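Structure, as structure tokens:
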Amino acid sequence: MSMTNKSSIQSCAEFGSSVLLDINDGDRMTFARLHSTSTLKIGNTKCTLEALVGQPFGAVFEMQSERNSSKLVRMPNPENVKKLVNYAPTYANSNQHSARSDLVNWITDVNGRNEKRQQIETDQDSEDVKDRDNRALVDDNKAQTLSSDDIDRMKRDGASGKEIIDALVANSASFETKTAFSQEKYMKKKQKKYAPRVLLRRPSARSICEAYFVKDPRKIGFCRMDTLALMMSLANVGPNSDILVLESLGGLITAAVTERLGGHGSICSTYYTTKRPPIDMVRLLNLDDATALSVLRAPLEKLVAARQSALRSKDQNGVGVAEREALAQALSTLEEPKNSTIGQNATDAVVNDSPSMAVEALSTETPVTESMDVDKETTNIISPAQNTTDGVVEDSQIKDMEAPSTEMSVKQNMDLDQKTSHSLPAEDREEDACELGDKEANPTAVGEGKASKGPRPGNEATSADIFKWANQGFSSLLVAAPELDAWTVVKQLIPLLSSSSPFVIYSPYQQPLAECMFQLQKNNMAIALQLTEPWCREYQVLPLRSHPHMQMSATGGFTLSGIRITNCV
Amino acid sequence: MIWPLLEDTIRKGDKLIQDGDLLIVYESHKQMKAVTVSKGGEFQNRYGLFAHNDWIGKPFGSKVTGKKGGFVHLLAPSPQLWTLVLTHRTQILYIMDISFVLAYLEVRPGCVVMESGTGSGSLTTALARAAAPTGHIYSFDFHEQRAEAARKDFERIGLSNFITVTVRDTQGEGFPEEFANEVDAVFLDLPQPWLVIPSVAKSLRADSPVCSFSPCMEQVQRTCEALTTTEFRDLRTFEVLVRTYETHEEYFGTDIGLDIVNNEIEDATLHTPGSSPPHKRLCPTEMKTTSAEEKTTSNKSEVSGKDNWMKKGPKKGRGRGEQPQGSKCSIVARPEAEAKGHTGYLTFARRAV
């Protein structure tokens, strides 16, 4: 059986790829897109991301500064994995070195472990370490004799990060008196400042979720990565499915579903407003063409109307008779919207594939705030690059976030799609659009190369797609729109599912889901209903230092899951 | 087989039950059973006797009644449902661990995944569903009978094309040589996983993850120690659990026998719809009184009635849908009394580049 990798997981970062930069061992995570003008700023130093192009994911780079410029230099394995512990032996006396290696050198034999422990205690070398503690250490900031001016001068003279760290250790009065652990901690801290490391990571749904959860949880509705994972399982997300997603989390759910489908099947990321909410996070996944094309969008009204007519015709005529006619009829009877709001292209959609929609197609309980039109840019269903009304194109701000505030958004690099020679209408752009560190460069240069190749995910669904979904029903539903009343949404959307299909609703709040669950029970719409709250805790596992992390997330949201049942017997 | 994994088994629309299908008979939240449909077959439970012939031709998700009048629902299988109905030959993983592992290992169609041991096949099922149709799961177990039982299960649930179970003592021998640098993800559920770590390092592609599941912290520590080599990075250990809630209507008394009412305190009013920003949640405590009355009550108004240690409101004067005097009604959610406690720690690492 062939074992070639067919998973289309990209192993190297290419030009135009989205990447996740892990700076200083998880201290800071930031997304970036590899353009020739992309830059990264750590502290006061800036450098280009050129060195990352063509490099494998998992490669580690060190930011090395010389004179006025900095660059990212690849650290070869095993250097890149070596713990910083190995820096210290240069300075530490041999006693400390052997003590530390004893400490970390566990044997796997159960009996041997006790022996080893005794050995540590009796080893005369380790007596120094054993006796060391911080009782005499006074924190008066006088231990380091080098001043910041001295260090600046060293930098100007072209000293490398390592040289600066060496100098700091040599000039520290208290270094020698510290325990091995403490020295290690000190070295690590200096390393992070003077020779920062950048790990090139491939974005995945899990890592995207985690990065946002730390930096800007509000944007993803406080959905934690274990909750996201749970939703995938509860909704039975997998290949050869047709999945309906209604979300306002920037595309997080759509991204996770897309990753699990791998292009086998279809995803409909639906929306209920005139301006489609962005699902930019999907683009962070560096999808191949087939997978990108499997991500479609359609307005909720259309889906519901189509489904209603398909079900009606099934009732009347048995299974699957004249459904296409019924659907075409349903679509054409949707009238002009009654209350057009300003700025909408009410009459533009003359193409018979996508008529504008009538307000009455909605059930009376659905909150309709504006009439919905099909934007003219999205009527052409064939061309893949027509995604101009993707809502908000976000621009990234990779700036120094040494003291990250939770308010700061992690945004993507501005990516003006080379294929769309017409730019987005002004109102679709985020107001604070600005390129990071690129003020000199012109990011709109069309001839820049393949910054974004292939079709973008999120094309508007064709009427053939909608017909298929209406006729077959979706195989799974995921809702993550905390701004909406869960029951109102679910009541309308569950009929879009085929029988025995699972659904999951996410909310950062428990009560709305409880009420929704109650309604679902009373109306006999679903079984296997479960209101779940996931819990997740990370542990530090180190010799003699294993314990749960000091910080922990208190909440990752709630999920309500169930399985749709047929009402007819 | 209704798993939509092979092109010819994908059924469009409402899937209809056919002879030979595996389905899940859902009696209640805590009572489910896997049944393979056969012409002329019968299924019996406390709700009565059910003829399989009555099931054939109906869509999955249908409610069917037995000869005595009781009913059950017939559901299409999924990895999650299978986990709840499979025969336990060993301790198994449940949805929380399974879902976290799948997400962290980034299992997706086309992946080649290795697993040891197979156990009862709970995780294996989920892995196969995720890696299909172009990927494959290579599962190893040192117990011959259990490996065979697992193969039979995978045959029954229609996943045998995607799973290869091999009898092998991975702790003693490691993974087979031919897997060197071919594997996208490895999962270990072994008593001494540290023994297999060098072999895992050989098998994994660069930057690919491994997960080791161990109940005891000592095992975790040793495994981490084995992983602390130049071949692995990003060691992280987690514990994941779930808490489930049951919901019901609850009446809260407002009559505490006081005739004198303190008029100085006015109840704060909730925002009425339309007057507040959409993102502010409304708390419909007072509003629920009418909806509680108008809905028809069903037999079970709780999802799981087993642990109902709390009485459901004052009995006096309470008929169907009627609200007792001097009380207000709310929907309440309460954590279920029983919870799954510790299963194991999940340790992840990535093969260094």
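The way I read the labels, and the way they are meant: chains A, B, ... in the order of the structure tokens, residue 1 as the first residue of every chain, and ligand 1 as the first ligand shown, with later ones counted on from there.
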Nearby residues (only C-alpha atoms) at most 9 Å from B:Phe100, same-chain spacing under 2 positions excluded, as JSON, numbers by chain: {"A": [225, 226, 227, 228, 229, 230], "B": [95, 96, 97, 98, 102, 103, 104, 105, 240, 346]}
Store the residues picked out above, limited to N, CA and C atoms, as a short mmCIF file (atom, residue, chain, number, x, y, z; two decimals), in the first residue's frame.
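Result file selection_27.cif:
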data_model
loop_
_atom_site.label_atom_id
_atom_site.label_comp_id
_atom_site.auth_asym_id
_atom_site.auth_seq_id
_atom_site.Cartn_x
_atom_site.Cartn_y
_atom_site.Cartn_z
N MET A 225 -9.11 26.26 22.00
CA MET A 225 -8.79 25.25 20.99
C MET A 225 -9.40 23.88 21.30
N ASP A 226 -9.56 23.54 22.56
CA ASP A 226 -10.16 22.24 22.86
C ASP A 226 -11.66 22.26 22.57
N THR A 227 -12.27 23.42 22.72
CA THR A 227 -13.69 23.56 22.37
C THR A 227 -13.86 23.41 20.87
N LEU A 228 -12.99 24.06 20.13
CA LEU A 228 -13.05 23.96 18.67
C LEU A 228 -12.88 22.50 18.23
N ALA A 229 -11.94 21.82 18.87
CA ALA A 229 -11.71 20.41 18.55
C ALA A 229 -12.95 19.57 18.86
N LEU A 230 -13.55 19.87 19.99
CA LEU A 230 -14.74 19.13 20.40
C LEU A 230 -15.88 19.33 19.40
N ILE B 95 -14.79 11.08 23.84
CA ILE B 95 -14.80 12.15 22.84
C ILE B 95 -13.88 13.31 23.17
N MET B 96 -13.72 13.66 24.43
CA MET B 96 -12.90 14.83 24.73
C MET B 96 -11.45 14.59 24.35
N ASP B 97 -10.91 13.45 24.77
CA ASP B 97 -9.53 13.14 24.42
C ASP B 97 -9.40 12.91 22.92
N ILE B 98 -10.34 12.17 22.36
CA ILE B 98 -10.29 11.87 20.93
C ILE B 98 -10.27 13.15 20.11
N LEU B 102 -7.17 14.45 17.70
CA LEU B 102 -7.36 14.64 16.26
C LEU B 102 -6.99 16.05 15.83
N ALA B 103 -7.38 17.02 16.64
CA ALA B 103 -7.11 18.41 16.28
C ALA B 103 -5.62 18.73 16.42
N TYR B 104 -5.01 18.24 17.48
CA TYR B 104 -3.61 18.58 17.71
C TYR B 104 -2.69 17.85 16.74
N LEU B 105 -3.06 16.62 16.40
CA LEU B 105 -2.26 15.86 15.43
C LEU B 105 -2.56 16.28 13.99
N VAL B 240 -7.55 17.15 29.41
CA VAL B 240 -8.82 17.71 28.97
C VAL B 240 -9.97 16.92 29.57
N LEU B 346 -2.23 13.98 28.04
CA LEU B 346 -1.88 13.92 26.63
C LEU B 346 -0.60 14.71 26.44
#
Would you mind writing down, as a PyMOL selection string, each residue of stretch 189-299 of chain A that DSSP on the backbone assigns to strand (DSSP E)? chain A and resi 197-201+241-247+265-270+295-297
Excluding B:Thr237 and any residue of its chain fewer than 6 positions from it, enumerate the residues within 6 Å of it, using only C-alpha atoms, and give them as a compact mmCIF listing (two decimals) with all heavy atoms, in the first residue's frame.
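File written: part-v2.txt
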# COMPACT_ATOMS: atom_id res chain seq x y z
N GLU A 538 -2.89 22.85 31.02
CA GLU A 538 -1.59 22.43 30.53
C GLU A 538 -0.63 22.22 31.70
O GLU A 538 -0.75 22.87 32.74
CB GLU A 538 -1.02 23.50 29.58
CG GLU A 538 0.18 23.00 28.80
CD GLU A 538 0.61 23.93 27.68
OE1 GLU A 538 -0.11 24.91 27.40
OE2 GLU A 538 1.68 23.68 27.11
N TYR A 539 0.31 21.32 31.50
CA TYR A 539 1.27 20.98 32.55
C TYR A 539 2.69 21.28 32.12
O TYR A 539 3.05 21.15 30.94
CB TYR A 539 1.19 19.47 32.87
CG TYR A 539 -0.04 19.08 33.64
CD1 TYR A 539 -1.28 19.04 33.01
CD2 TYR A 539 0.02 18.76 35.00
CE1 TYR A 539 -2.42 18.69 33.71
CE2 TYR A 539 -1.11 18.40 35.70
CZ TYR A 539 -2.33 18.37 35.05
OH TYR A 539 -3.46 18.02 35.74
N LEU B 346 -2.23 13.98 28.04
CA LEU B 346 -1.88 13.92 26.63
C LEU B 346 -0.60 14.71 26.44
O LEU B 346 -0.56 15.92 26.67
CB LEU B 346 -3.01 14.53 25.80
CG LEU B 346 -4.31 13.72 25.78
CD1 LEU B 346 -5.46 14.56 25.27
CD2 LEU B 346 -4.15 12.48 24.91
N THR B 347 0.43 14.00 26.02
CA THR B 347 1.72 14.67 25.79
C THR B 347 1.97 14.73 24.30
O THR B 347 1.94 13.71 23.61
CB THR B 347 2.86 13.88 26.48
OG1 THR B 347 2.59 13.81 27.87
CG2 THR B 347 4.19 14.59 26.25
Need to verify the contact set: A:Ser207, 10 Å, only C-alpha atoms, exclusion of same-chain residues closer than 4 positions in sequence. Can you return it as a short mmCIF file (atom, residue, chain, number, x, y, z; two decimals) with C-alpha atoms, in the first residue's frame?
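What ended up in part-v9.cif:
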data_model
loop_
_atom_site.label_atom_id
_atom_site.label_comp_id
_atom_site.auth_asym_id
_atom_site.auth_seq_id
_atom_site.Cartn_x
_atom_site.Cartn_y
_atom_site.Cartn_z
CA LEU A 20 2.76 31.59 12.01
CA MET A 29 2.81 34.41 18.16
CA ARG A 201 5.20 27.34 11.96
CA ARG A 202 2.60 26.15 9.54
CA PRO A 203 -0.81 27.53 10.53
CA ALA A 211 -2.91 32.24 18.81
CA TYR A 212 -6.12 34.23 18.73
CA PHE A 213 -7.23 32.91 22.08
CA MET A 225 -8.79 25.25 20.99
CA ALA B 103 -7.11 18.41 16.28
CA TYR B 104 -3.61 18.58 17.71
CA GLU B 106 -3.89 17.72 12.51
#
Which residues of chain B sit at most 6 Å from chain A, using only C-alpha atoms? Give each one's shortest atom pair and distance in Å (one decimal place), in chain and ascending residue order, as a Markdown table.
| residue | atom | partner | partner_atom | distance |
| --- | --- | --- | --- | --- |
| B:Pro4 | CA | A:Asn240 | CA | 5.9 |
| B:Lys12 | CA | A:Gln472 | CA | 5.6 |
| B:Gly13 | CA | A:Gln472 | CA | 3.4 |
| B:Asp14 | CA | A:Ser498 | CA | 5.3 |
| B:His29 | CA | A:Ala528 | CA | 5.7 |
| B:Phe60 | CA | A:Ser500 | CA | 5.5 |
| B:Gly61 | CA | A:Ser500 | CA | 4.1 |
| B:Ser62 | CA | A:Thr566 | CA | 5.1 |
| B:Lys63 | CA | A:Val569 | CA | 5.9 |
| B:Leu75 | CA | A:Ser500 | CA | 5.7 |
| B:Ser99 | CA | A:Leu230 | CA | 5.2 |
| B:Phe100 | CA | A:Ala229 | CA | 5.5 |
| B:Ala103 | CA | A:Ala229 | CA | 5.5 |
| B:Arg108 | CA | A:Arg260 | CA | 5.1 |
| B:Pro109 | CA | A:Gly262 | CA | 5.6 |
| B:Gly110 | CA | A:Ser7 | CA | 3.8 |
| B:Cys111 | CA | A:Ser7 | CA | 5.1 |
| B:Ala130 | CA | A:Gly238 | CA | 5.6 |
| B:Asp207 | CA | A:Gly58 | CA | 5.4 |
| B:Thr230 | CA | A:Pro78 | CA | 5.4 |
| B:Thr237 | CA | A:Tyr539 | CA | 5.3 |
| B:Phe238 | CA | A:Glu538 | CA | 4.3 |
| B:Glu239 | CA | A:Arg537 | CA | 5.3 |
| B:Val240 | CA | A:Cys536 | CA | 4.5 |
| B:Leu241 | CA | A:Trp535 | CA | 5.0 |
| B:Val242 | CA | A:Pro534 | CA | 4.3 |
| B:Arg243 | CA | A:Glu533 | CA | 5.0 |
| B:Thr244 | CA | A:Thr532 | CA | 4.4 |
| B:Tyr245 | CA | A:Leu531 | CA | 5.3 |
| B:His279 | CA | A:Glu483 | CA | 5.1 |
| B:Ala333 | CA | A:Ala514 | CA | 5.9 |
| B:Val353 | CA | A:Gly58 | CA | 5.6 |
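What separates atom CA of B:Val85 from atom CA of B:Val107 is a distance of 23.5 Å.
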Please compute the atom CA of A:Gln144-atom CA of A:Thr45 distance, one decimal, in Å. 23.5 Å
Closest to B:Ala76 among B:Ala337, B:Val112, B:Leu23, B:Ala131, using only C-alpha atoms?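 Checking each of B:Ala337, B:Val112, B:Leu23, B:Ala131 against B:Ala76, counting only C-alpha atoms, the winner is B:Leu23.
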Shortest interatomic distance to B:Thr247 - which of B:Ala339, B:Val183, B:Met217, B:Ile331, counting only C-alpha atoms: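 Ranking B:Ala339, B:Val183, B:Met217, B:Ile331 by distance to B:Thr247, first place goes to B:Ile331.
Distances to B:Leu93 were evaluated for B:Ser214, B:Thr134, B:Asn263, B:Thr229 using only C-alpha atoms, and the minimum falls at B:Ser214.
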Residue contacts of B:Phe154 (10 Å, only C-alpha atoms) excluding same-chain residues fewer than 4 positions away, as a PyMOL selection string: chain B and resi 121+124-125+128+148-150+158-165
Looking only at the backbone, which of the residues in stretch 98-175 of chain B does DSSP tag as alpha helix (DSSP H), as a compact mmCIF listing (two decimals) with C-alpha atoms, in the first residue's frame?
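states29.txt, written as the output of this step:
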# COMPACT_ATOMS: atom_id res chain seq x y z
CA ILE B 98 -10.29 11.87 20.93
CA SER B 99 -11.27 15.27 19.62
CA PHE B 100 -8.26 16.97 21.15
CA VAL B 101 -5.88 14.38 19.75
CA LEU B 102 -7.36 14.64 16.26
CA ALA B 103 -7.11 18.41 16.28
CA TYR B 104 -3.61 18.58 17.71
CA SER B 122 -12.37 3.79 19.82
CA LEU B 123 -9.75 6.28 18.71
CA THR B 124 -8.89 4.22 15.64
CA THR B 125 -12.39 4.71 14.30
CA ALA B 126 -12.14 8.47 14.64
CA LEU B 127 -8.67 8.52 13.08
CA ALA B 128 -9.86 6.49 10.11
CA ARG B 129 -12.86 8.71 9.56
CA ALA B 130 -10.59 11.75 9.57
CA ALA B 131 -7.84 10.37 7.32
CA GLU B 144 -3.66 -11.27 19.16
CA GLN B 145 -7.29 -11.81 20.16
CA ARG B 146 -7.91 -8.15 20.69
CA ALA B 147 -6.33 -7.30 17.37
CA GLU B 148 -8.64 -9.78 15.68
CA ALA B 149 -11.69 -8.46 17.52
CA ALA B 150 -10.77 -4.95 16.43
CA ARG B 151 -10.47 -6.08 12.81
CA LYS B 152 -13.93 -7.56 13.00
CA ASP B 153 -15.31 -4.35 14.43
CA PHE B 154 -13.75 -2.26 11.67
CA GLU B 155 -15.22 -4.66 9.12
CA ARG B 156 -18.60 -4.24 10.73
CA THR B 170 5.99 -2.15 19.67
CA GLN B 171 7.54 -1.65 23.09
CA GLY B 172 9.93 -4.47 22.37
CA GLU B 173 10.46 -3.99 18.67
Could you please determine the separation between atom CA of A:Leu244 and atom CA of B:Val332 in Å, to one decimal place?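 Between atom CA of A:Leu244 and atom CA of B:Val332 the gap is 29.1 Å.
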